[in-house]
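**Q** Next up is a structure, given as structure tokens.
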Amino acid sequence: MTASESIRRSHPRDAQVTHWTAPDGWQLRSFAWPVEDARPRGSILFLNGRGDVFEKYLELFHHWHGQNWTITAFDWRGQGGSGRCTDDATCGHIDRFDRFVDDLAAFAADWMAATPGPHVVMGHSMGGQLLLQALVEKRMQPDAAVLIAPMLGIRTIFGAWLGERLSRMVGGIGNSARPAWRGKDTPRATETRQELLTHERDRYADELFWQQSDPALLTGAPSWQWVIEAFRVTRELRRNPDLKTMDVPVLGLIALADKLVDSRAAIRTLGKLPDARIVRFGKESAHEILRESDRVRNRAIGEIELFLAARAQRR
């Protein structure tokens with residue numbers, strides 16, 4: 001194993017992987033990596049996307065921790081190491097996205113009370129949508145936020161309006177907690193998924209490594225209810241008039257060639273915020289901007305560094 005792979009495929013020795021208990025008693029697997037320095041730069045809470053585990057971002061955590069940021073993350077309810085909300089061992093089911101936001105608000109309150117400021121929250125994909133929703137609803141008030149390929153619209157050949165109605169029609173037949181599709185364990189299926197996420201094969205392989213190391217971390221297809229909810233909450237957030245008064249500074253990193261989320265919807269939505277900078281990436285980047293090739297990843301990290309230096313101050 002190379003030095004880079006060692007960083008990406010093992011937990012830091014001084015980090016803690018534990019569980020945090022939500023107000024309703026649900027256990028969320030969490031990650032905490034404090035800084036021992038007497039003058040930490042601040043604290044970062046990183047929010048994964050759908051089906052993710054926080055281990056996918058260990059390489060980035062090493063980078064920010066090396067700059068004296070304390071790092072915290074968790075797996076969302078119903079995925080990764082935080083259990084399942086259905087009897088299917090791999091299906092990523094949730095009955096309503098409000099549960100995600102409730103978990104985030106409660107977790108963030110504990111995190112902000114226990115860690116040094118300034119406090120920065122970063123959200124990838126679904127994590128970006130949930131973060132922006134929590135900010136707009138005033139459920140949390142960090143010093144700055146970074147949205148990476150945020151799920152502010154679902155990419156579909158049918159369009160948002162028809163896609164939502166079709167999902168309600170199909171998903172409403174029978175048990176809506178059933179998987180929306182069945183994955184195929186074939187080399188071609190793996191290759192296709194990798195192309196949707198990143199051009200960097202080695203970083204994509206990190207996800208497979210962690211799933212093989214602990215099969216309980218594997219989250220497969222979402223449930224139909226998840227799909228129905230995803231269409232609903234993204235539509236409602238795009239139309240929320242409170243976007244125009246949300247005053248937390250935001251950096252948005254958008255992959256224009258993204259085949260999973262609607263990048264145009266993200267740009268329009270972030271454009272309504274009073275204090276947002278949008279950085280666009282072209283065909284060189286797939287969905288996972290921070291797990292892309294070094295050229296893409298380094299540019300994204302550079303943009304985040306500039307943003308943090310200028311805007312991540314105590315409020």
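Residues are named by chain letter and number: chains run A, B, ... in the order of the structure tokens, numbers start at 1 in each chain, and ligands are numbered from 1 in the order shown.
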Skipping near chain neighbours, those fewer than 5 positions away, what residues fall within 8 Å of Val296 in chain A using only C-alpha atoms, listed as a ChimeraX atom specification?

**A** /A:281,284-285,289-290

**Q** Those same residues - N, CA, C and O atoms - I'd like them written as a PDB file, in the first residue's frame.

**A**
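This is the output file result.pdb:
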ATOM      1  N   PHE A 281     -16.941  23.985 -12.720  1.00  0.00           N
ATOM      2  CA  PHE A 281     -15.990  23.051 -13.308  1.00  0.00           C
ATOM      3  C   PHE A 281     -16.618  22.466 -14.569  1.00  0.00           C
ATOM      4  O   PHE A 281     -17.825  22.198 -14.595  1.00  0.00           O
ATOM      5  N   GLU A 284     -14.051  18.242 -17.161  1.00  0.00           N
ATOM      6  CA  GLU A 284     -12.968  17.578 -16.429  1.00  0.00           C
ATOM      7  C   GLU A 284     -13.428  16.997 -15.100  1.00  0.00           C
ATOM      8  O   GLU A 284     -12.704  16.219 -14.473  1.00  0.00           O
ATOM      9  N   SER A 285     -14.639  17.362 -14.646  1.00  0.00           N
ATOM     10  CA  SER A 285     -15.103  16.906 -13.337  1.00  0.00           C
ATOM     11  C   SER A 285     -16.448  16.215 -13.433  1.00  0.00           C
ATOM     12  O   SER A 285     -17.387  16.721 -14.052  1.00  0.00           O
ATOM     13  N   ILE A 289     -16.421  16.190  -6.959  1.00  0.00           N
ATOM     14  CA  ILE A 289     -15.382  17.163  -7.283  1.00  0.00           C
ATOM     15  C   ILE A 289     -14.157  16.999  -6.384  1.00  0.00           C
ATOM     16  O   ILE A 289     -13.011  17.084  -6.849  1.00  0.00           O
ATOM     17  N   LEU A 290     -14.370  16.750  -5.101  1.00  0.00           N
ATOM     18  CA  LEU A 290     -13.262  16.651  -4.151  1.00  0.00           C
ATOM     19  C   LEU A 290     -12.589  15.284  -4.157  1.00  0.00           C
ATOM     20  O   LEU A 290     -11.644  15.058  -3.404  1.00  0.00           O
TER      21      LEU A 290
END

**Q** Quick one: residues within 10 Å of Leu197 in chain A, only C-alpha atoms, excluding same-chain residues fewer than 4 positions away - as number ranges by chain?

**A** A: 192-193, 201, 204, 258-260, 285-289, 291-292

**Q** Give me, as number ranges by chain, all polymer residues having an atom no more than 12 Å from Gln67 in chain A, counting only C-alpha atoms and skipping those fewer than 2 positions away in the same chain.

**A** A: 34-37, 39-44, 60-65, 69-71, 305, 308-309

**Q** Using DSSP on the backbone coordinates, identify the residues of range 76-271 of chain A assigned to alpha helix (DSSP H); present them as a count of residues only.

**A** 88

**Q** Kindly indicate which residue among A:Asp52, A:Asn68, A:Leu208, A:Glu200 lies nearest to Ser293 in chain A, using only C-alpha atoms for the distances.

**A** A:Glu200

**Q** Restricting the calculation to only C-alpha atoms, which member of A:Ala113, A:Val227, A:Ala38, A:Val146 is positioned closest to Arg178 in chain A?

**A**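 The shortest atom-to-atom distance to Arg178 in chain A comes from A:Val227.
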
**Q** I want to know what sits within 12 Å of Thr86 in chain A, based on only C-alpha atoms, with residues of the same chain fewer than 4 positions away left out; could you give that as a PyMOL selection string?

**A** chain A and resi 77-79+90-95+175-179+219+222-223+225-226

**Q** Smallest atom-to-atom distance to Asp110 in chain A: which of A:Thr2, A:Ser125, A:Thr72, A:Gln212, using only C-alpha atoms?

**A**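 Smallest separation from Asp110 in chain A among the options: A:Thr72.
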
**Q** Considering only C-alpha atoms, return as an mmCIF file with all heavy atoms, in the first residue's frame whatever protein or nucleic-acid residues lie within 8 Å of range 272-274 of chain A, sequence-local ones (same chain, fewer than 6 positions apart) excluded.

**A**
data_model
loop_
_atom_site.group_PDB
_atom_site.id
_atom_site.type_symbol
_atom_site.label_atom_id
_atom_site.label_comp_id
_atom_site.auth_asym_id
_atom_site.auth_seq_id
_atom_site.Cartn_x
_atom_site.Cartn_y
_atom_site.Cartn_z
ATOM 1 N N LEU A 243 -34.418 32.068 0.765
ATOM 2 C CA LEU A 243 -33.074 32.007 0.180
ATOM 3 C C LEU A 243 -32.472 33.410 0.087
ATOM 4 O O LEU A 243 -31.268 33.596 0.294
ATOM 5 C CB LEU A 243 -33.133 31.384 -1.219
ATOM 6 C CG LEU A 243 -33.346 29.877 -1.321
ATOM 7 C CD1 LEU A 243 -33.721 29.507 -2.757
ATOM 8 C CD2 LEU A 243 -32.090 29.118 -0.905
ATOM 9 N N LYS A 244 -33.312 34.389 -0.211
ATOM 10 C CA LYS A 244 -32.828 35.755 -0.450
ATOM 11 C C LYS A 244 -32.365 36.455 0.821
ATOM 12 O O LYS A 244 -31.724 37.509 0.737
ATOM 13 C CB LYS A 244 -33.932 36.568 -1.130
ATOM 14 C CG LYS A 244 -34.309 36.041 -2.509
ATOM 15 C CD LYS A 244 -35.406 36.879 -3.147
ATOM 16 C CE LYS A 244 -35.761 36.343 -4.527
ATOM 17 N NZ LYS A 244 -36.847 37.151 -5.171
ATOM 18 N N THR A 245 -32.678 35.895 1.980
ATOM 19 C CA THR A 245 -32.278 36.547 3.232
ATOM 20 C C THR A 245 -31.343 35.675 4.068
ATOM 21 O O THR A 245 -30.996 36.046 5.184
ATOM 22 C CB THR A 245 -33.524 36.897 4.068
ATOM 23 O OG1 THR A 245 -34.268 35.703 4.348
ATOM 24 C CG2 THR A 245 -34.405 37.889 3.321
ATOM 25 N N MET A 246 -30.923 34.524 3.549
ATOM 26 C CA MET A 246 -30.012 33.639 4.277
ATOM 27 C C MET A 246 -28.626 34.270 4.251
ATOM 28 O O MET A 246 -28.019 34.419 3.189
ATOM 29 C CB MET A 246 -29.997 32.250 3.642
ATOM 30 C CG MET A 246 -29.439 31.156 4.553
ATOM 31 S SD MET A 246 -27.647 31.214 4.761
ATOM 32 C CE MET A 246 -27.104 30.713 3.136
ATOM 33 N N ASP A 247 -28.086 34.673 5.410
ATOM 34 C CA ASP A 247 -26.907 35.529 5.436
ATOM 35 C C ASP A 247 -25.587 34.820 5.734
ATOM 36 O O ASP A 247 -24.557 35.482 5.902
ATOM 37 C CB ASP A 247 -27.107 36.666 6.448
ATOM 38 C CG ASP A 247 -27.353 36.149 7.865
ATOM 39 O OD1 ASP A 247 -27.495 34.917 8.034
ATOM 40 O OD2 ASP A 247 -27.418 36.971 8.791
#

**Q** Mind giving me the straight-line distance from CA of Asn240 in chain A to CA of Arg139 in chain A in Å, one decimal?

**A**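 CA of Asn240 in chain A sits 14.9 Å away from CA of Arg139 in chain A.
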
**Q** Can you tell me how far CA of Gly172 in chain A sits from CA of Phe100 in chain A, in Å to one decimal?

**A** 21.6 Å

**Q** Looking only at strand (DSSP E or B) from DSSP on the backbone, list the matching residues of range 1-211 of chain A as a PyMOL selection string.

**A** chain A and resi 16-21+27-33+42-47+69-74+92+119-124+144-148+154+179

**Q** Write out as JSON lines the residues of range 210-264 of chain A that have any atom within 12 Å of an atom of range 6-28 of chain A, one row each with the nearest atom pair and its distance in Å to one decimal, counting only C-alpha atoms, sorted by chain and then rising number.

**A**
{"residue": "A:Trp210", "atom": "CA", "partner": "A:Arg9", "partner_atom": "CA", "distance": 7.3}
{"residue": "A:Gln211", "atom": "CA", "partner": "A:Arg9", "partner_atom": "CA", "distance": 11.1}
{"residue": "A:Gln212", "atom": "CA", "partner": "A:Arg9", "partner_atom": "CA", "distance": 11.5}
{"residue": "A:Ser213", "atom": "CA", "partner": "A:Arg9", "partner_atom": "CA", "distance": 9.7}

**Q** Write the residues you've just listed into a file as a compact mmCIF listing (two decimals), in the first residue's frame, and include N, CA, C and O atoms for each of them.

**A**
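See result.txt below for the written result:
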# COMPACT_ATOMS: atom_id res chain seq x y z
N TRP A 210 -13.42 0.26 1.53
CA TRP A 210 -14.10 0.37 2.81
C TRP A 210 -15.34 -0.54 2.87
O TRP A 210 -15.65 -1.11 3.92
N GLN A 211 -16.03 -0.70 1.75
CA GLN A 211 -17.19 -1.59 1.72
C GLN A 211 -16.77 -3.04 1.92
O GLN A 211 -17.46 -3.82 2.59
N GLN A 212 -15.63 -3.40 1.34
CA GLN A 212 -15.14 -4.77 1.50
C GLN A 212 -14.57 -4.99 2.90
O GLN A 212 -14.67 -6.09 3.45
N SER A 213 -14.01 -3.94 3.49
CA SER A 213 -13.47 -4.06 4.84
C SER A 213 -14.58 -4.25 5.87
O SER A 213 -14.40 -4.96 6.86

**Q** Do you have the CA of Met151 in chain A-CA of Leu130 in chain A distance handy?

**A**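 Those two atoms sit 8.7 Å apart.
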
**Q** For range 154-171 of chain A, list every protein, DNA or RNA residue within 6 Å, evaluated using only C-alpha atoms, and leave out those in the same chain fewer than 6 positions away; present the list as a list in words.

**A**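 Counting only the stated atoms, we get Trp224, Ile228, Phe231, Leu260, Val261 and Asp262 of chain A.
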